[in-house]
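Structure file query.cif (mmCIF, C-alpha atoms) is printed below.
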data_structure
#
loop_
_atom_site.group_PDB
_atom_site.id
_atom_site.type_symbol
_atom_site.label_atom_id
_atom_site.label_comp_id
_atom_site.auth_asym_id
_atom_site.auth_seq_id
_atom_site.Cartn_x
_atom_site.Cartn_y
_atom_site.Cartn_z
ATOM 1 C CA MET A 20 18.270 3.235 39.282
ATOM 2 C CA PRO A 21 17.245 2.795 35.629
ATOM 3 C CA PRO A 22 17.187 -0.807 34.416
ATOM 4 C CA SER A 23 20.370 -2.101 32.793
ATOM 5 C CA ARG A 24 20.877 -4.286 29.762
ATOM 6 C CA THR A 25 21.655 -7.213 32.086
ATOM 7 C CA ASP A 26 18.287 -7.080 33.920
ATOM 8 C CA ALA A 27 16.350 -10.337 33.948
ATOM 9 C CA ARG A 28 13.368 -8.598 32.370
ATOM 10 C CA PRO A 29 13.980 -7.436 28.810
ATOM 11 C CA TYR A 30 13.329 -4.055 27.289
ATOM 12 C CA PRO A 31 10.048 -3.794 25.381
ATOM 13 C CA ALA A 32 10.154 -5.142 21.839
ATOM 14 C CA PRO A 33 10.419 -2.203 19.406
ATOM 15 C CA TYR A 34 7.245 -1.026 17.684
ATOM 16 C CA PRO A 35 6.494 2.382 16.140
ATOM 17 C CA LEU A 36 5.644 5.051 18.699
ATOM 18 C CA PRO A 37 3.486 8.083 17.853
ATOM 19 C CA VAL A 38 5.147 11.476 17.837
ATOM 20 C CA ALA A 39 2.989 12.783 20.692
ATOM 21 C CA SER A 40 4.222 10.041 23.036
ATOM 22 C CA VAL A 41 7.785 11.185 22.433
ATOM 23 C CA ARG A 42 7.668 14.973 22.067
ATOM 24 C CA TYR A 43 6.022 15.676 25.427
ATOM 25 C CA ALA A 44 7.988 13.099 27.438
ATOM 26 C CA ALA A 45 11.617 13.850 26.547
ATOM 27 C CA ALA A 46 13.994 16.449 25.161
ATOM 28 C CA LEU A 47 15.693 14.293 22.532
ATOM 29 C CA ARG A 48 19.349 14.466 21.595
ATOM 30 C CA LEU A 49 20.311 13.745 17.998
ATOM 31 C CA PRO A 50 22.059 10.356 18.537
ATOM 32 C CA GLU A 51 19.071 9.181 20.606
ATOM 33 C CA LEU A 52 16.698 10.027 17.793
ATOM 34 C CA CYS A 53 18.922 8.132 15.366
ATOM 35 C CA HIS A 54 19.016 5.084 17.661
ATOM 36 C CA GLY A 55 15.241 5.180 17.948
ATOM 37 C CA ARG A 56 14.810 5.092 14.201
ATOM 38 C CA LEU A 57 17.348 2.279 13.675
ATOM 39 C CA ALA A 58 15.909 0.177 16.526
ATOM 40 C CA GLY A 59 12.395 0.317 15.085
ATOM 41 C CA TRP A 60 10.770 2.714 17.538
ATOM 42 C CA LEU A 61 9.989 5.296 14.852
ATOM 43 C CA THR A 62 8.663 5.357 11.321
ATOM 44 C CA ALA A 63 10.493 7.482 8.772
ATOM 45 C CA GLU A 64 7.677 10.041 8.951
ATOM 46 C CA ALA A 65 7.802 10.229 12.754
ATOM 47 C CA THR A 66 11.606 10.564 12.676
ATOM 48 C CA ALA A 67 11.363 13.531 10.316
ATOM 49 C CA GLU A 68 8.614 15.182 12.369
ATOM 50 C CA LEU A 69 10.527 14.807 15.634
ATOM 51 C CA ALA A 70 13.656 16.190 13.969
ATOM 52 C CA PHE A 71 11.617 19.184 12.791
ATOM 53 C CA LEU A 72 10.200 19.773 16.289
ATOM 54 C CA ARG A 73 13.659 19.678 17.854
ATOM 55 C CA ARG A 74 14.886 22.016 15.133
ATOM 56 C CA CYS A 75 12.135 24.443 16.198
ATOM 57 C CA ASP A 76 13.072 24.007 19.865
ATOM 58 C CA LEU A 77 16.771 24.616 19.402
ATOM 59 C CA GLY A 78 16.918 27.206 16.635
ATOM 60 C CA GLU A 79 20.367 27.736 15.158
ATOM 61 C CA ALA A 80 21.904 25.117 17.451
ATOM 62 C CA ALA A 81 19.846 22.373 15.758
ATOM 63 C CA THR A 82 22.134 21.806 12.769
ATOM 64 C CA GLY A 83 21.906 18.013 12.815
ATOM 65 C CA PHE A 84 18.164 17.976 13.394
ATOM 66 C CA ALA A 85 17.665 20.415 10.519
ATOM 67 C CA GLU A 86 19.614 18.159 8.161
ATOM 68 C CA LEU A 87 17.805 15.026 9.325
ATOM 69 C CA HIS A 88 14.437 16.659 8.800
ATOM 70 C CA THR A 89 15.143 17.315 5.111
ATOM 71 C CA LEU A 90 16.438 13.840 4.136
ATOM 72 C CA ASP A 91 14.696 11.628 1.620
ATOM 73 C CA GLU A 92 13.523 8.358 3.152
ATOM 74 C CA ALA A 93 16.107 6.362 1.181
ATOM 75 C CA LEU A 94 18.909 8.339 2.846
ATOM 76 C CA LEU A 95 17.421 8.347 6.327
ATOM 77 C CA ASP A 96 18.793 5.095 7.768
ATOM 78 C CA PRO A 97 22.352 5.496 6.406
ATOM 79 C CA TRP A 98 22.425 9.010 7.865
ATOM 80 C CA CYS A 99 21.143 7.727 11.214
ATOM 81 C CA ARG A 100 23.780 4.968 11.275
ATOM 82 C CA ALA A 101 26.467 7.582 10.756
ATOM 83 C CA HIS A 102 25.160 9.722 13.647
ATOM 84 C CA ALA A 103 24.052 7.067 16.160
ATOM 85 C CA GLU A 104 27.047 7.288 18.475
ATOM 86 C CA ASP A 105 27.965 3.968 20.115
ATOM 87 C CA GLY A 106 28.788 5.699 23.387
ATOM 88 C CA VAL A 107 25.151 6.649 23.974
ATOM 89 C CA ARG A 108 23.613 3.270 23.125
ATOM 90 C CA ASP A 109 22.804 2.300 26.720
ATOM 91 C CA THR A 110 21.317 5.734 27.391
ATOM 92 C CA ALA A 111 19.295 5.520 24.180
ATOM 93 C CA ASP A 112 18.015 2.056 25.141
ATOM 94 C CA ARG A 113 16.807 3.413 28.499
ATOM 95 C CA LEU A 114 15.205 6.386 26.801
ATOM 96 C CA TRP A 115 13.202 4.338 24.313
ATOM 97 C CA ALA A 116 12.186 1.782 26.938
ATOM 98 C CA TYR A 117 10.858 4.672 29.024
ATOM 99 C CA LEU A 118 9.014 6.207 26.064
ATOM 100 C CA ALA A 119 7.452 2.857 25.194
ATOM 101 C CA VAL A 120 6.021 2.490 28.696
ATOM 102 C CA VAL A 121 4.795 6.103 28.661
ATOM 103 C CA HIS A 122 2.914 5.301 25.469
ATOM 104 C CA ALA A 123 1.567 2.016 26.835
ATOM 105 C CA LEU A 124 0.179 3.714 29.928
ATOM 106 C CA SER A 125 -1.634 6.302 27.807
ATOM 107 C CA SER A 126 -3.094 3.785 25.340
ATOM 108 C CA PRO A 127 -6.619 2.323 25.384
ATOM 109 C CA GLU A 128 -7.058 -0.433 27.944
ATOM 110 C CA GLY A 129 -6.784 -3.387 25.577
ATOM 111 C CA GLU A 130 -3.666 -2.079 23.865
ATOM 112 C CA ARG A 131 -2.178 -1.157 27.224
ATOM 113 C CA ALA A 132 -2.540 -4.724 28.468
ATOM 114 C CA ALA A 133 -0.934 -6.084 25.322
ATOM 115 C CA ARG A 134 1.972 -3.650 25.585
ATOM 116 C CA ALA A 135 2.522 -4.481 29.255
ATOM 117 C CA ALA A 136 2.558 -8.208 28.526
ATOM 118 C CA ALA A 137 4.958 -7.740 25.632
ATOM 119 C CA SER A 138 7.360 -5.751 27.792
ATOM 120 C CA ALA A 139 7.150 -8.276 30.671
ATOM 121 C CA ARG A 140 6.888 -5.536 33.299
ATOM 122 C CA THR A 141 4.867 -5.381 36.480
ATOM 123 C CA ALA A 142 2.968 -2.217 37.345
ATOM 124 C CA ASP A 143 5.628 -1.298 39.917
ATOM 125 C CA GLU A 144 8.425 -1.751 37.386
ATOM 126 C CA ALA A 145 6.581 0.363 34.828
ATOM 127 C CA ALA A 146 6.002 3.127 37.379
ATOM 128 C CA ARG A 147 9.684 3.079 38.377
ATOM 129 C CA LEU A 148 10.805 3.210 34.758
ATOM 130 C CA VAL A 149 8.530 6.168 34.021
ATOM 131 C CA ALA A 150 9.647 8.085 37.124
ATOM 132 C CA ASP A 151 13.341 7.466 36.421
ATOM 133 C CA GLY A 152 12.975 8.263 32.729
ATOM 134 C CA ARG A 153 11.069 11.464 33.354
ATOM 135 C CA ALA A 154 13.714 12.608 35.826
ATOM 136 C CA GLU A 155 16.588 11.810 33.463
ATOM 137 C CA PHE A 156 15.244 12.651 30.011
ATOM 138 C CA LEU A 157 12.788 15.454 30.692
ATOM 139 C CA VAL A 158 13.207 17.249 34.023
ATOM 140 C CA ALA A 159 17.031 17.189 34.196
ATOM 141 C CA ARG A 160 17.328 18.422 30.619
ATOM 142 C CA ALA A 161 14.787 21.164 31.233
ATOM 143 C CA ARG A 162 16.720 22.284 34.309
ATOM 144 C CA SER A 163 19.962 22.423 32.367
ATOM 145 C CA GLY A 164 18.326 24.523 29.642
ATOM 146 C CA GLU A 165 19.136 22.115 26.825
ATOM 147 C CA GLY A 166 15.510 21.518 25.910
ATOM 148 C CA MET A 167 14.989 24.910 24.253
ATOM 149 C CA ASP A 168 16.904 27.845 22.785
ATOM 150 C CA TRP A 169 16.415 30.340 25.605
ATOM 151 C CA SER A 170 17.911 33.211 23.623
ATOM 152 C CA SER A 171 15.225 33.076 20.913
ATOM 153 C CA SER A 172 11.672 34.363 21.294
ATOM 154 C CA THR A 173 10.809 32.606 18.033
ATOM 155 C CA ALA A 174 11.874 29.213 19.387
ATOM 156 C CA LEU A 175 10.147 29.761 22.726
ATOM 157 C CA MET A 176 6.825 30.489 21.055
ATOM 158 C CA GLY A 177 6.753 26.767 20.281
ATOM 159 C CA THR A 178 7.267 25.630 23.896
ATOM 160 C CA ASP A 179 5.037 22.622 24.532
ATOM 161 C CA ARG A 180 6.568 20.956 27.619
ATOM 162 C CA PRO A 181 5.408 22.488 30.937
ATOM 163 C CA GLU A 182 8.605 21.324 32.650
ATOM 164 C CA GLU A 183 10.608 23.700 30.446
ATOM 165 C CA VAL A 184 8.599 26.638 31.774
ATOM 166 C CA ASP A 185 8.996 25.579 35.410
ATOM 167 C CA ALA A 186 12.750 25.264 35.009
ATOM 168 C CA ALA A 187 12.959 28.615 33.239
ATOM 169 C CA PHE A 188 11.271 30.394 36.144
ATOM 170 C CA ASP A 189 13.517 28.579 38.607
ATOM 171 C CA ARG A 190 16.631 29.714 36.678
ATOM 172 C CA GLY A 191 15.336 33.255 36.270
ATOM 173 C CA GLU A 192 15.277 33.152 32.470
ATOM 174 C CA PRO A 193 14.382 36.624 31.140
ATOM 175 C CA LEU A 194 12.157 35.120 28.423
ATOM 176 C CA ALA A 195 10.199 32.807 30.715
ATOM 177 C CA GLY A 196 7.039 34.811 30.023
ATOM 178 C CA VAL A 197 7.443 34.249 26.285
ATOM 179 C CA ALA A 198 7.674 30.524 26.960
ATOM 180 C CA VAL A 199 4.393 30.675 28.896
ATOM 181 C CA ILE A 200 2.715 32.231 25.854
ATOM 182 C CA GLY A 201 4.217 29.493 23.692
ATOM 183 C CA LEU A 202 2.929 26.862 26.110
ATOM 184 C CA ALA A 203 -0.565 28.356 25.931
ATOM 185 C CA LEU A 204 -0.471 28.189 22.120
ATOM 186 C CA THR A 205 0.937 24.673 21.722
ATOM 187 C CA CYS A 206 0.314 22.504 24.804
ATOM 188 C CA PRO A 207 -2.898 20.435 24.503
ATOM 189 C CA ASP A 208 -3.535 20.354 28.281
ATOM 190 C CA ALA A 209 -5.110 23.487 29.760
ATOM 191 C CA GLY A 210 -4.575 22.038 33.228
ATOM 192 C CA ALA A 211 -0.830 22.208 32.628
ATOM 193 C CA ILE A 212 -0.942 25.721 31.169
ATOM 194 C CA LEU A 213 -2.983 27.572 33.767
ATOM 195 C CA PRO A 214 -0.637 27.175 36.794
ATOM 196 C CA ARG A 215 2.271 28.475 34.672
ATOM 197 C CA ALA A 216 0.165 31.389 33.422
ATOM 198 C CA ALA A 217 -0.644 32.219 37.057
ATOM 199 C CA ARG A 218 3.046 32.051 37.984
ATOM 200 C CA ALA A 219 3.816 34.534 35.217
ATOM 201 C CA MET A 220 0.914 36.819 36.175
ATOM 202 C CA ALA A 221 2.206 36.966 39.754
ATOM 203 C CA HIS A 222 5.775 37.744 38.640
ATOM 204 C CA PRO A 223 7.280 41.024 39.892
ATOM 205 C CA ASP A 224 8.487 41.970 36.395
ATOM 206 C CA PRO A 225 5.587 43.869 34.741
ATOM 207 C CA GLU A 226 6.444 42.491 31.288
ATOM 208 C CA VAL A 227 6.417 38.871 32.474
ATOM 209 C CA SER A 228 3.164 39.567 34.304
ATOM 210 C CA ARG A 229 1.653 41.021 31.118
ATOM 211 C CA GLN A 230 2.792 37.960 29.178
ATOM 212 C CA GLY A 231 1.079 35.725 31.735
ATOM 213 C CA THR A 232 -2.170 37.627 31.189
ATOM 214 C CA LEU A 233 -1.809 37.150 27.448
ATOM 215 C CA ALA A 234 -1.190 33.425 27.988
ATOM 216 C CA LEU A 235 -4.393 33.253 30.020
ATOM 217 C CA ALA A 236 -6.260 34.933 27.154
ATOM 218 C CA HIS A 237 -4.944 32.333 24.688
ATOM 219 C CA THR A 238 -5.893 29.498 27.050
ATOM 220 C CA ALA A 239 -9.425 30.818 27.397
ATOM 221 C CA ARG A 240 -9.752 31.164 23.629
ATOM 222 C CA LEU A 241 -8.240 27.788 22.698
ATOM 223 C CA HIS A 242 -9.520 25.642 25.592
ATOM 224 C CA GLY A 243 -12.513 27.510 27.002
ATOM 225 C CA ARG A 244 -11.023 27.334 30.499
ATOM 226 C CA THR A 245 -9.553 29.381 33.281
ATOM 227 C CA ASP A 246 -9.076 28.648 37.000
ATOM 228 C CA PRO A 247 -9.619 30.379 40.378
ATOM 229 C CA ARG A 248 -5.994 31.464 40.850
ATOM 230 C CA CYS A 249 -5.772 33.048 37.393
ATOM 231 C CA LEU A 250 -9.102 34.817 37.928
ATOM 232 C CA GLU A 251 -7.917 36.099 41.299
ATOM 233 C CA LEU A 252 -4.836 37.603 39.660
ATOM 234 C CA LEU A 253 -6.864 38.866 36.690
ATOM 235 C CA ARG A 254 -9.207 40.787 38.964
ATOM 236 C CA ALA A 255 -6.313 43.061 39.975
ATOM 237 C CA ARG A 256 -5.696 44.007 36.337
ATOM 238 C CA ARG A 257 -7.203 46.992 34.611
ATOM 239 C CA ARG A 258 -10.494 45.953 33.024
ATOM 240 C CA GLY A 259 -10.715 45.541 29.257
ATOM 241 C CA ASN A 260 -7.492 43.551 28.853
ATOM 242 C CA GLU A 261 -7.140 40.571 26.485
ATOM 243 C CA ALA A 262 -7.886 37.969 29.156
ATOM 244 C CA ASP A 263 -11.065 39.777 30.245
ATOM 245 C CA ASP A 264 -12.387 39.756 26.714
ATOM 246 C CA ASP A 265 -11.337 36.228 25.753
ATOM 247 C CA ALA A 266 -12.586 34.716 29.014
ATOM 248 C CA TRP A 267 -15.990 36.349 28.465
ATOM 249 C CA ALA A 268 -16.093 35.285 24.827
ATOM 250 C CA TYR A 269 -14.927 31.659 25.165
ATOM 251 C CA VAL A 270 -15.396 30.433 28.748
ATOM 252 C CA PRO A 271 -18.962 29.432 29.781
ATOM 253 C CA HIS A 272 -20.390 32.456 31.614
ATOM 254 C CA ARG A 273 -21.596 30.347 34.552
ATOM 255 C CA ARG A 274 -17.922 29.664 35.361
ATOM 256 C CA LEU A 275 -16.964 33.339 35.504
ATOM 257 C CA PRO A 276 -16.981 35.585 38.603
ATOM 258 C CA TRP A 277 -19.451 38.358 39.305
ATOM 259 C CA TRP A 278 -16.937 41.152 38.713
ATOM 260 C CA LEU A 279 -16.372 40.002 35.135
ATOM 261 C CA TRP A 280 -20.127 39.795 34.606
ATOM 262 C CA ARG A 281 -20.475 43.347 35.926
ATOM 263 C CA HIS A 282 -17.790 44.628 33.608
ATOM 264 C CA HIS A 283 -19.141 43.016 30.454
ATOM 265 C CA LEU A 284 -22.844 43.460 31.135
ATOM 266 C CA GLY A 285 -22.163 47.116 31.845
ATOM 267 C CA ARG A 286 -20.524 47.432 28.427
ATOM 268 C CA VAL A 287 -23.452 45.672 26.751
ATOM 269 C CA LEU A 288 -25.965 47.863 28.550
ATOM 270 C CA ARG A 289 -24.145 51.052 27.598
ATOM 271 C CA TRP A 290 -24.021 49.947 23.981
ATOM 272 C CA ASN A 291 -27.735 49.106 23.874
ATOM 273 C CA LEU A 292 -28.796 52.323 25.568
ATOM 274 C CA TRP A 293 -26.489 54.704 23.775
ATOM 275 C CA GLU A 294 -24.059 53.533 21.113
ATOM 276 C CA ARG A 295 -26.596 51.415 19.249
ATOM 277 C CA TRP A 296 -28.795 54.409 18.552
ATOM 278 C CA ARG A 297 -26.137 56.962 17.725
ATOM 279 C CA PRO A 298 -26.511 58.380 14.184
#
Taking this structure as input, can you express it in the form of structure tokens?
Amino acid sequence: MPPSRTDARPYPAPYPLPVASVRYAAALRLPELCHGRLAGWLTAEATAELAFLRRCDLGEAATGFAELHTLDEALLDPWCRAHAEDGVRDTADRLWAYLAVVHALSSPEGERAARAAASARTADEAARLVADGRAEFLVARARSGEGMDWSSSTALMGTDRPEEVDAAFDRGEPLAGVAVIGLALTCPDAGAILPRAARAMAHPDPEVSRQGTLALAHTARLHGRTDPRCLELLRARRRGNEADDDAWAYVPHRRLPWWLWRHHLGRVLRWNLWERWRP
């Protein structure tokens, strides 16, 4: 169970968290964002940026986030006080305690030790808090569909949480392939993108499969990486597609299979022997 406000060990003392530690670890609700700002977990700039990101996630349903994003700093805290619902305070406290530990565990070693001491948590307690928080604030919300606007291709092109894509496939969302493309364009971790691209490429719907191939092309171009499963699925595609070309252009050739070498070297040879000398 998540820790309660009556636990012997306190929550971490508030300090400003970077946007990246929050955006990838939770699908924020508006009152939780307001509580985070008022408690001292967020700077005014980070509050506005997170509101903007949630506005992009949720499209037309993000009315409150859209308003929060546009506020002058002088109006920010009064607005947050008006929208920080008392009924979610305990939930918000758990959320920000979880996000603080997520950040501490990803920080450089010296800062991590200082954060852990300040929060008075053992390694086992920190691991439990992260597991419980991830289940409650990220995975459960992805499964319910509240993390993104699943009716909007525009919103899904900004998908940056892999868990959203997994849940979309599990629910049978018709735009899951669009979300994979969005993940390829926005997620900083190629290791998280490639398994979802492979899942899309193997999908029985030809359009979703095509979108997975396009996601693989973006991943090769932006990260210079692919993986064996994606290459296995790519081999069954017609040669000359986007992923063929971007893998050859951006992934080190020594990491590519012989059949892709044969395809591209054949094109180069034909060009040198014929096209190059055409009048």
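Pairwise distance (CA of His283 (chain A), CA of Leu233 (chain A)) equals 18.5 Å.
From CA of Trp115 (chain A) back to CA of Leu52 (chain A), the distance works out to 9.3 Å.
Take CA of Gly78 (chain A) and CA of Cys99 (chain A): the distance between them is 20.7 Å.
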Residue contacts of Glu155 (chain A) (12 Å, all atoms listed in the file) excluding same-chain residues fewer than 3 positions away, as JSON, numbers by chain
{"A": [20, 21, 44, 45, 46, 47, 110, 111, 113, 114, 117, 118, 148, 149, 150, 151, 152, 158, 159, 160, 161, 162, 163]}
Resolved residues for the PyMOL selection byres ((chain A and resi 251) around 12) as an MDAnalysis selection string:
chainID A and resid 217 220:221 232 245:250 252:256 275:279
Nearest residue to Met176 (chain A) from the set A:Ser228, A:Leu124, A:Leu77, A:Glu144 (distances using only C-alpha atoms):
A:Leu77
Could you give me the axis-aligned bounding box of region 198-201 of chain A, with 8 Å of padding per side, as centre plus edge lengths in Å to one decimal, as lines of an AutoDock Vina configuration file?
center_x = 5.2
center_y = 30.9
center_z = 26.3
size_x = 21.0
size_y = 18.7
size_z = 21.2
Write out as a PyMOL selection string each polymer residue whose atoms come within 10 Å of Ala195 (chain A), counting only C-alpha atoms; drop sequence neighbours fewer than 6 positions from it.
chain A and resi 169+172+175+183-189+201+215+219+227+230-231
For the PyMOL selection byres ((chain A and resi 67) around 12), applied here, can you spell out every residue it catches as a JSON list (two decimals) with C-alpha atoms, in the coordinates of the input?
[["chain", "number", "residue", "atom", "x", "y", "z"],
["A", 38, "VAL", "CA", 5.15, 11.48, 17.84],
["A", 49, "LEU", "CA", 20.31, 13.74, 18.00],
["A", 52, "LEU", "CA", 16.70, 10.03, 17.79],
["A", 53, "CYS", "CA", 18.92, 8.13, 15.37],
["A", 55, "GLY", "CA", 15.24, 5.18, 17.95],
["A", 56, "ARG", "CA", 14.81, 5.09, 14.20],
["A", 61, "LEU", "CA", 9.99, 5.30, 14.85],
["A", 62, "THR", "CA", 8.66, 5.36, 11.32],
["A", 63, "ALA", "CA", 10.49, 7.48, 8.77],
["A", 64, "GLU", "CA", 7.68, 10.04, 8.95],
["A", 65, "ALA", "CA", 7.80, 10.23, 12.75],
["A", 66, "THR", "CA", 11.61, 10.56, 12.68],
["A", 68, "GLU", "CA", 8.61, 15.18, 12.37],
["A", 69, "LEU", "CA", 10.53, 14.81, 15.63],
["A", 70, "ALA", "CA", 13.66, 16.19, 13.97],
["A", 71, "PHE", "CA", 11.62, 19.18, 12.79],
["A", 72, "LEU", "CA", 10.20, 19.77, 16.29],
["A", 73, "ARG", "CA", 13.66, 19.68, 17.85],
["A", 74, "ARG", "CA", 14.89, 22.02, 15.13],
["A", 83, "GLY", "CA", 21.91, 18.01, 12.82],
["A", 84, "PHE", "CA", 18.16, 17.98, 13.39],
["A", 85, "ALA", "CA", 17.66, 20.42, 10.52],
["A", 86, "GLU", "CA", 19.61, 18.16, 8.16],
["A", 87, "LEU", "CA", 17.80, 15.03, 9.32],
["A", 88, "HIS", "CA", 14.44, 16.66, 8.80],
["A", 89, "THR", "CA", 15.14, 17.32, 5.11],
["A", 90, "LEU", "CA", 16.44, 13.84, 4.14],
["A", 91, "ASP", "CA", 14.70, 11.63, 1.62],
["A", 92, "GLU", "CA", 13.52, 8.36, 3.15],
["A", 94, "LEU", "CA", 18.91, 8.34, 2.85],
["A", 95, "LEU", "CA", 17.42, 8.35, 6.33],
["A", 96, "ASP", "CA", 18.79, 5.10, 7.77],
["A", 99, "CYS", "CA", 21.14, 7.73, 11.21]]
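With only C-alpha atoms as the atoms that count, the residue of A:Leu157, A:Ala239, A:Ala93, A:Val41 with the shortest distance to Ala203 (chain A) is A:Ala239.
The nearest approach to Ala80 (chain A) among the residues A:Thr178, A:Ser170, A:Thr205, A:Ser126, with only C-alpha atoms taken into account, belongs to A:Ser170.
Proximity to Ser40 (chain A) was assessed for A:Gly243, A:Glu226, A:Arg273, A:Val121 counting only C-alpha atoms; the smallest distance is recorded for A:Val121.
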Here is a test: counting all atoms listed in the file, which residue of A:Asp112, A:Asp105, A:Arg42, A:Val197 is nearest to Ala58 (chain A)?
A:Asp112
Could you rebuild region 118-125 of chain A with all heavy atoms and give me the result as a PDB file, in the frame of the given file?
ATOM      1  N   LEU A 118      10.038   5.644  26.940  1.00  0.00           N
ATOM      2  CA  LEU A 118       9.014   6.207  26.064  1.00  0.00           C
ATOM      3  C   LEU A 118       7.971   5.165  25.674  1.00  0.00           C
ATOM      4  O   LEU A 118       6.782   5.481  25.531  1.00  0.00           O
ATOM      5  CB  LEU A 118       9.661   6.800  24.818  1.00  0.00           C
ATOM      6  CG  LEU A 118      10.528   8.045  25.055  1.00  0.00           C
ATOM      7  CD1 LEU A 118      11.281   8.434  23.793  1.00  0.00           C
ATOM      8  CD2 LEU A 118       9.669   9.211  25.546  1.00  0.00           C
ATOM      9  N   ALA A 119       8.398   3.919  25.520  1.00  0.00           N
ATOM     10  CA  ALA A 119       7.452   2.857  25.194  1.00  0.00           C
ATOM     11  C   ALA A 119       6.459   2.642  26.324  1.00  0.00           C
ATOM     12  O   ALA A 119       5.252   2.451  26.095  1.00  0.00           O
ATOM     13  CB  ALA A 119       8.205   1.555  24.897  1.00  0.00           C
ATOM     14  N   VAL A 120       6.930   2.676  27.566  1.00  0.00           N
ATOM     15  CA  VAL A 120       6.021   2.490  28.696  1.00  0.00           C
ATOM     16  C   VAL A 120       5.112   3.702  28.858  1.00  0.00           C
ATOM     17  O   VAL A 120       3.926   3.566  29.166  1.00  0.00           O
ATOM     18  CB  VAL A 120       6.816   2.197  29.984  1.00  0.00           C
ATOM     19  CG1 VAL A 120       5.889   2.123  31.188  1.00  0.00           C
ATOM     20  CG2 VAL A 120       7.578   0.893  29.836  1.00  0.00           C
ATOM     21  N   VAL A 121       5.633   4.904  28.632  1.00  0.00           N
ATOM     22  CA  VAL A 121       4.795   6.103  28.661  1.00  0.00           C
ATOM     23  C   VAL A 121       3.643   5.946  27.671  1.00  0.00           C
ATOM     24  O   VAL A 121       2.473   6.230  27.989  1.00  0.00           O
ATOM     25  CB  VAL A 121       5.622   7.363  28.330  1.00  0.00           C
ATOM     26  CG1 VAL A 121       4.708   8.554  28.050  1.00  0.00           C
ATOM     27  CG2 VAL A 121       6.571   7.694  29.470  1.00  0.00           C
ATOM     28  N   HIS A 122       3.956   5.497  26.479  1.00  0.00           N
ATOM     29  CA  HIS A 122       2.914   5.301  25.469  1.00  0.00           C
ATOM     30  C   HIS A 122       1.930   4.218  25.896  1.00  0.00           C
ATOM     31  O   HIS A 122       0.713   4.370  25.761  1.00  0.00           O
ATOM     32  CB  HIS A 122       3.544   4.929  24.128  1.00  0.00           C
ATOM     33  CG  HIS A 122       2.543   4.525  23.099  1.00  0.00           C
ATOM     34  ND1 HIS A 122       1.523   5.350  22.687  1.00  0.00           N
ATOM     35  CD2 HIS A 122       2.392   3.366  22.398  1.00  0.00           C
ATOM     36  CE1 HIS A 122       0.791   4.734  21.781  1.00  0.00           C
ATOM     37  NE2 HIS A 122       1.291   3.528  21.591  1.00  0.00           N
ATOM     38  N   ALA A 123       2.446   3.120  26.430  1.00  0.00           N
ATOM     39  CA  ALA A 123       1.567   2.016  26.835  1.00  0.00           C
ATOM     40  C   ALA A 123       0.584   2.467  27.903  1.00  0.00           C
ATOM     41  O   ALA A 123      -0.598   2.112  27.867  1.00  0.00           O
ATOM     42  CB  ALA A 123       2.402   0.849  27.345  1.00  0.00           C
ATOM     43  N   LEU A 124       1.040   3.278  28.832  1.00  0.00           N
ATOM     44  CA  LEU A 124       0.179   3.714  29.928  1.00  0.00           C
ATOM     45  C   LEU A 124      -0.867   4.721  29.482  1.00  0.00           C
ATOM     46  O   LEU A 124      -1.843   4.954  30.196  1.00  0.00           O
ATOM     47  CB  LEU A 124       1.021   4.302  31.058  1.00  0.00           C
ATOM     48  CG  LEU A 124       1.934   3.303  31.773  1.00  0.00           C
ATOM     49  CD1 LEU A 124       2.792   4.008  32.806  1.00  0.00           C
ATOM     50  CD2 LEU A 124       1.120   2.188  32.428  1.00  0.00           C
ATOM     51  N   SER A 125      -0.659   5.328  28.318  1.00  0.00           N
ATOM     52  CA  SER A 125      -1.634   6.302  27.807  1.00  0.00           C
ATOM     53  C   SER A 125      -2.523   5.708  26.725  1.00  0.00           C
ATOM     54  O   SER A 125      -3.380   6.406  26.181  1.00  0.00           O
ATOM     55  CB  SER A 125      -0.905   7.527  27.248  1.00  0.00           C
ATOM     56  OG  SER A 125      -0.124   7.171  26.126  1.00  0.00           O
TER      57      SER A 125
END
